[in-house]
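**Q** One structure follows; several queries about it will come next.
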Amino acid sequence: MCSIIGINGINVKNHLFTMIEVLKHRGPDATGVYSNNKIYLNENVHQAENSNFMLAHNLLSIIGNNELQPLQSNNLTLIANAEIYNYETLIKKYNITSLQTQSDCEIILKLIEKHYDNNLKEAVLNVISELDGDYAFCITDGEDYMVLRDEVGVKPVYYGSTDNYFAFASESKALKQINIENIHSLKPTQAIYNNKIISIRQEFIRVEDNTEYSLLKEELKNNIINAVHKRVNRLDEVAVLFSAGVDSTLLAVLLKKFGIKTTLYTVGTKNSQDLKFAKKVSEDIQLPLKTRIINEEIIENNFIPTLNIIEDTNLMKLGVGMTINLTSKLANKDGHKVILSGQGADELFTGYNRYKRKYKNKTKLLDELTHDLNNMYHVNLERDDKATMANSIELRVPYMDKQIIKTAIKIPINYMLHSEEDNIRKHILRDIAQELGVPEYIAYRPKKAAQYGTGIDKIIKKKIIKKEKYQKILENYH
């Protein structure tokens, strides 16, 4: 949806505006700045007073017209990169009648205000358990400030410091631009409170439940339906990062059931598996498909831009990042501002091939699944967010819904993975997908990672990376 930026030091205005410009692609529609308890918007932002603590917000407007941030109520000021899916429920629960905007982010401000009694940290901690959504936000009462992200880490926050200032931003490149070298990704279990890192919640833990298969399947099915629905509740149209695997096809089928105008987007080399299956399944489920055939030249031309977008030299991440970047670029050309992906389903439902190796050691497998879920924020989610936001498109990931996770972490291994030789995996999800209308040949199509299904990984490893120019770029990248 946007970018959030903050800096605490001495006369930090110049640094703040440097970061605003670096992250303009995340929010090209409007800019707001906070300084000395005053708010400056759009053409007035450069009139902001130079002070020791400043906040900024770049807006990507998706719904509503009056959504400019920072948002302010009495002595509280908020900047947020958020989608709060239960905001209407919270408005009714707390009888909130003083909303000034159409932005669901304002509910964060109003709830904290209701709990606020001159203790900002306590008020925030009392509110976050009630929020159902993907968010990263900073709130200040003029004396203290606090920064945190949702419990999975769908929305990014990076932080770092020099001898002269402490800063945070939605992407690390903004911090690099003001000469911060030691940059960290804020853990979803932690928050920044007045330049200090504090613990605010526990990590997820996977523990098998003995609930029978049919009941867990029904619970999970309902949670998936609800998760997709609330992510498109106020949208007229949406794009889907479409690999024609079970995860993205299930999203597409549900979107069609909801009556949302949906377009599927797929990229791949001429004879790639993803393109082949995407064309067939789009016809079968009768949804429009936009494709782009890519080749070595296109991949080479996008290698360095993708590296700069995701800020990671890992070849696997480069392959996935390029897939997502090129796909979301197609969607951007069609005017889309929201794109859905199946990210997270493999970590939740044993989708990766490597999980088979621990099938006979349930404790180790549960530990690995737990680790993967708790580390998705810096392994996959931040990469995907950067790759889509580079094209000013917000990524939404229904499988990362808190109710889906709540169900998934108690599913017995045998409901998902049947043996050491199980090349299908994710059985409970596949059964749900078929029940909901995903064609059988897709519901039980074996997993093919994005970088392999598109053919991008093969070209990167066999062609691009063998060129001395790109080897040196990777070796010297900082």
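Residue numbers start at 1 in each chain; chains themselves are named A, B, ... in the order of the structure tokens; ligands are numbered from 1 in the order shown.
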Identify, on the basis of only C-alpha atoms, every residue whose closest approach to segment 231-238 of chain A does not exceed 6 Å; exclude the query and any residue fewer than 5 positions from it along the same chain; express the result as a list of chain:residue names.
**A** A:Ile260, A:Lys261, A:Thr262, A:Val338, A:Ile339
**Q** Those selected residues, please, written with N, CA and C atoms and delivered as a PDB file, in the first residue's frame.
**A**
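Below you can see result05.pdb, which holds the result:
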```pdb
ATOM      1  N   ILE A 260     -15.454 -11.251  -8.380  1.00  0.00           N
ATOM      2  CA  ILE A 260     -14.437 -10.217  -8.550  1.00  0.00           C
ATOM      3  C   ILE A 260     -13.839 -10.332  -9.949  1.00  0.00           C
ATOM      4  N   LYS A 261     -13.732  -9.223 -10.650  1.00  0.00           N
ATOM      5  CA  LYS A 261     -13.095  -9.226 -11.965  1.00  0.00           C
ATOM      6  C   LYS A 261     -11.625  -9.602 -11.782  1.00  0.00           C
ATOM      7  N   THR A 262     -11.239 -10.754 -12.300  1.00  0.00           N
ATOM      8  CA  THR A 262      -9.926 -11.323 -12.025  1.00  0.00           C
ATOM      9  C   THR A 262      -9.159 -11.578 -13.316  1.00  0.00           C
ATOM     10  N   VAL A 338      -3.574  -4.104  -6.894  1.00  0.00           N
ATOM     11  CA  VAL A 338      -3.508  -5.215  -5.941  1.00  0.00           C
ATOM     12  C   VAL A 338      -3.300  -6.511  -6.699  1.00  0.00           C
ATOM     13  N   ILE A 339      -2.369  -7.336  -6.213  1.00  0.00           N
ATOM     14  CA  ILE A 339      -2.127  -8.639  -6.820  1.00  0.00           C
ATOM     15  C   ILE A 339      -2.045  -9.682  -5.711  1.00  0.00           C
TER      16      ILE A 339
END
```
**Q** Extract, using only C-alpha atoms, all DNA, RNA and protein residues at most 8 Å from segment 170-172 of chain A, discarding same-chain residues fewer than 4 positions from it, and format them as a list in words.
**A**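 That gives Ser3, Ile4, Ile5, Leu23, Lys155, Pro156, Val157, Tyr158, Tyr159, Lys176, Ile183 and Lys386 of chain A.
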**Q** Just the selected residues (N, CA and C atoms), exported as a CSV table (one decimal), in the first residue's frame, please.
**A**
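Written file, again_35.csv:
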```csv
chain,number,residue,atom,x,y,z
A,3,SER,N,4.8,3.3,1.8
A,3,SER,CA,6.0,3.2,2.6
A,3,SER,C,5.9,4.0,3.9
A,4,ILE,N,6.5,3.5,5.0
A,4,ILE,CA,6.6,4.3,6.2
A,4,ILE,C,8.1,4.6,6.4
A,5,ILE,N,8.4,5.7,7.0
A,5,ILE,CA,9.7,6.2,7.2
A,5,ILE,C,9.8,7.0,8.5
A,23,LEU,N,12.0,5.8,-1.7
A,23,LEU,CA,10.8,4.9,-1.6
A,23,LEU,C,9.6,5.4,-2.3
A,155,LYS,N,4.1,-7.2,6.0
A,155,LYS,CA,4.5,-5.9,5.7
A,155,LYS,C,5.9,-5.6,6.3
A,156,PRO,N,6.8,-5.1,5.5
A,156,PRO,CA,8.2,-5.0,6.0
A,156,PRO,C,8.6,-3.8,6.8
A,157,VAL,N,9.6,-3.9,7.7
A,157,VAL,CA,10.2,-2.8,8.4
A,157,VAL,C,11.7,-3.2,8.6
A,158,TYR,N,12.5,-2.2,8.2
A,158,TYR,CA,14.0,-2.3,8.4
A,158,TYR,C,14.4,-1.2,9.3
A,159,TYR,N,15.5,-1.4,10.1
A,159,TYR,CA,16.0,-0.3,10.9
A,159,TYR,C,17.5,-0.4,11.0
A,176,LYS,N,20.3,2.6,3.5
A,176,LYS,CA,21.6,2.6,2.9
A,176,LYS,C,21.9,4.0,2.3
A,183,ILE,N,22.1,-2.9,8.9
A,183,ILE,CA,20.7,-2.8,8.8
A,183,ILE,C,20.1,-4.1,9.2
A,386,LYS,N,9.0,-6.4,-2.1
A,386,LYS,CA,9.8,-5.5,-2.9
A,386,LYS,C,9.6,-5.6,-4.4
```
**Q** In Å, with one decimal, what is the gap from atom CA of Ser161 of chain A to atom CA of Leu59 of chain A?
**A**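 Separation of atom CA of Ser161 of chain A and atom CA of Leu59 of chain A: 25.0 Å.
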**Q** Go through A:Ile294, A:Leu220, A:Leu348, A:Cys2 one by one, measure the shortest atom-to-atom distance of each to Asn374 of chain A using only C-alpha atoms, and give the residue with the smallest value.
**A**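 For Asn374 of chain A, the nearest of the given residues is A:Leu348.
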**Q** Can you pull out every residue within 9 Å of Ala443 of chain A, counting only C-alpha atoms, but drop anything in the same chain fewer than 3 positions away, and send it as a list in words?
**A**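 Counting only C-alpha atoms, the residues come to Gly245, Val246, Asp247, Thr249, Leu250, Leu429, Arg430, Asp431, Ile432, Ala433, Gln434, Val438, Pro439, Glu440 and Pro446 of chain A.
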**Q** Write out as CSV the residues of segment 191-270 of chain A that have any atom within 12 Å of an atom of segment 342-347 of chain A, one row each with the nearest atom pair and its distance in Å to one decimal, counting only C-alpha atoms, sorted by chain and then rising number.
**A**
```
residue,atom,partner,partner_atom,distance
A:Arg206,CA,A:Glu347,CA,11.5
A:Ile224,CA,A:Ala345,CA,10.8
A:Ala227,CA,A:Gly342,CA,11.8
A:Val228,CA,A:Gly342,CA,10.6
A:Val240,CA,A:Gly342,CA,8.9
A:Leu241,CA,A:Gly342,CA,7.8
A:Phe242,CA,A:Gly342,CA,8.5
A:Ser243,CA,A:Gly342,CA,9.1
A:Ala244,CA,A:Gly342,CA,10.4
A:Gly245,CA,A:Gly342,CA,8.9
A:Val246,CA,A:Gly342,CA,8.6
A:Asp247,CA,A:Gly342,CA,5.0
A:Ser248,CA,A:Gly342,CA,5.0
A:Thr249,CA,A:Gly342,CA,8.6
A:Leu250,CA,A:Gly342,CA,8.7
A:Leu251,CA,A:Gly342,CA,7.4
A:Ala252,CA,A:Gly342,CA,10.1
```
**Q** Write down as JSON, numbers by chain the residues belonging to segment 201-314 of chain A that are assigned helix (DSSP H, G or I) by DSSP computed on the backbone.
**A** {"A": [213, 214, 215, 216, 217, 218, 219, 220, 221, 222, 223, 224, 225, 226, 227, 228, 229, 230, 231, 246, 247, 248, 249, 250, 251, 252, 253, 254, 255, 256, 257, 258, 273, 274, 275, 276, 277, 278, 279, 280, 281, 282, 283, 284, 285, 296, 297, 298, 299, 300, 301, 302, 303, 304, 305, 306, 307, 308, 309, 310]}
**Q** The selected residues should be written to file as an mmCIF file, in the first residue's frame (atoms: C-alpha atoms).
**A**
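Just written: result-v2.cif:
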```
data_model
loop_
_atom_site.group_PDB
_atom_site.id
_atom_site.type_symbol
_atom_site.label_atom_id
_atom_site.label_comp_id
_atom_site.auth_asym_id
_atom_site.auth_seq_id
_atom_site.Cartn_x
_atom_site.Cartn_y
_atom_site.Cartn_z
ATOM 1 C CA TYR A 213 -9.289 -35.299 9.072
ATOM 2 C CA SER A 214 -12.758 -34.322 7.879
ATOM 3 C CA LEU A 215 -13.237 -31.769 10.653
ATOM 4 C CA LEU A 216 -9.843 -30.147 10.169
ATOM 5 C CA LYS A 217 -10.377 -30.087 6.426
ATOM 6 C CA GLU A 218 -13.694 -28.311 6.821
ATOM 7 C CA GLU A 219 -12.193 -25.811 9.256
ATOM 8 C CA LEU A 220 -9.305 -25.085 6.911
ATOM 9 C CA LYS A 221 -11.601 -24.805 3.887
ATOM 10 C CA ASN A 222 -13.779 -22.204 5.603
ATOM 11 C CA ASN A 223 -10.720 -20.263 6.736
ATOM 12 C CA ILE A 224 -9.300 -20.201 3.191
ATOM 13 C CA ILE A 225 -12.608 -18.989 1.738
ATOM 14 C CA ASN A 226 -12.822 -16.234 4.360
ATOM 15 C CA ALA A 227 -9.160 -15.249 3.951
ATOM 16 C CA VAL A 228 -9.508 -14.705 0.216
ATOM 17 C CA HIS A 229 -12.849 -12.943 0.545
ATOM 18 C CA LYS A 230 -11.711 -10.368 3.091
ATOM 19 C CA ARG A 231 -8.639 -9.497 0.993
ATOM 20 C CA VAL A 246 -2.759 -25.663 -6.760
ATOM 21 C CA ASP A 247 -2.151 -22.606 -4.537
ATOM 22 C CA SER A 248 -2.705 -19.865 -7.123
ATOM 23 C CA THR A 249 -5.442 -21.776 -8.980
ATOM 24 C CA LEU A 250 -7.448 -22.154 -5.781
ATOM 25 C CA LEU A 251 -7.231 -18.384 -5.283
ATOM 26 C CA ALA A 252 -8.399 -17.821 -8.872
ATOM 27 C CA VAL A 253 -11.354 -20.191 -8.530
ATOM 28 C CA LEU A 254 -12.491 -18.519 -5.305
ATOM 29 C CA LEU A 255 -12.153 -15.020 -6.762
ATOM 30 C CA LYS A 256 -14.385 -16.050 -9.636
ATOM 31 C CA LYS A 257 -16.955 -17.438 -7.182
ATOM 32 C CA PHE A 258 -16.937 -14.075 -5.384
ATOM 33 C CA GLN A 273 5.645 -25.688 -17.627
ATOM 34 C CA ASP A 274 3.962 -22.689 -16.002
ATOM 35 C CA LEU A 275 2.942 -21.169 -19.327
ATOM 36 C CA LYS A 276 1.706 -24.486 -20.661
ATOM 37 C CA PHE A 277 -0.480 -25.222 -17.645
ATOM 38 C CA ALA A 278 -1.579 -21.592 -17.211
ATOM 39 C CA LYS A 279 -3.039 -21.483 -20.725
ATOM 40 C CA LYS A 280 -4.942 -24.728 -20.240
ATOM 41 C CA VAL A 281 -6.330 -24.027 -16.775
ATOM 42 C CA SER A 282 -7.314 -20.425 -17.589
ATOM 43 C CA GLU A 283 -9.500 -21.778 -20.384
ATOM 44 C CA ASP A 284 -10.957 -24.472 -18.154
ATOM 45 C CA ILE A 285 -11.870 -22.084 -15.317
ATOM 46 C CA GLU A 296 17.814 -15.051 -22.272
ATOM 47 C CA GLU A 297 17.987 -11.414 -23.387
ATOM 48 C CA ILE A 298 15.031 -10.377 -21.224
ATOM 49 C CA ILE A 299 16.400 -12.281 -18.229
ATOM 50 C CA GLU A 300 19.845 -10.710 -18.662
ATOM 51 C CA ASN A 301 18.350 -7.220 -18.997
ATOM 52 C CA ASN A 302 16.395 -7.740 -15.778
ATOM 53 C CA PHE A 303 19.169 -9.399 -13.775
ATOM 54 C CA ILE A 304 20.742 -6.254 -12.298
ATOM 55 C CA PRO A 305 17.410 -4.404 -11.834
ATOM 56 C CA THR A 306 16.032 -7.414 -9.940
ATOM 57 C CA LEU A 307 19.187 -7.610 -7.830
ATOM 58 C CA ASN A 308 18.764 -3.939 -6.897
ATOM 59 C CA ILE A 309 15.077 -4.430 -6.148
ATOM 60 C CA ILE A 310 15.351 -7.427 -3.826
#
```
**Q** Go through A:Thr323, A:Tyr355, A:Lys458, A:Ile91 one by one, measure the shortest atom-to-atom distance of each to Glu421 of chain A using only C-alpha atoms, and give the residue with the smallest value.
**A**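 The shortest atom-to-atom distance to Glu421 of chain A comes from A:Tyr355.
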**Q** At what distance in Å, to one decimal, does atom CA of Thr31 of chain A lie from atom CA of Met146 of chain A?
**A**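 These atoms are spaced 20.8 Å apart.
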**Q** Quick one: which segment 55-104 of chain A residues come within 12 Å of segment 120-129 of chain A, and what is the nearest atom pair for each with the distance in Å to one decimal, counting only C-alpha atoms, rows ordered by chain and ascending number, as a Markdown table?
**A**
```
| residue | atom | partner | partner_atom | distance |
| --- | --- | --- | --- | --- |
| A:Asn75 | CA | A:Leu120 | CA | 10.9 |
| A:Leu76 | CA | A:Leu120 | CA | 9.1 |
| A:Thr77 | CA | A:Leu120 | CA | 11.3 |
| A:Leu78 | CA | A:Val124 | CA | 11.6 |
| A:Ile84 | CA | A:Ile128 | CA | 11.0 |
| A:Asn86 | CA | A:Ser129 | CA | 11.9 |
| A:Leu90 | CA | A:Val127 | CA | 10.6 |
| A:Tyr94 | CA | A:Val127 | CA | 11.8 |
```
**Q** In terms of the shortest atom-to-atom distance over only C-alpha atoms, which of A:Leu148, A:Phe137, A:Met316, A:Gln177 is closest to Gln190 of chain A?
**A**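 Using only C-alpha atoms, the shortest distance to Gln190 of chain A belongs to A:Leu148.
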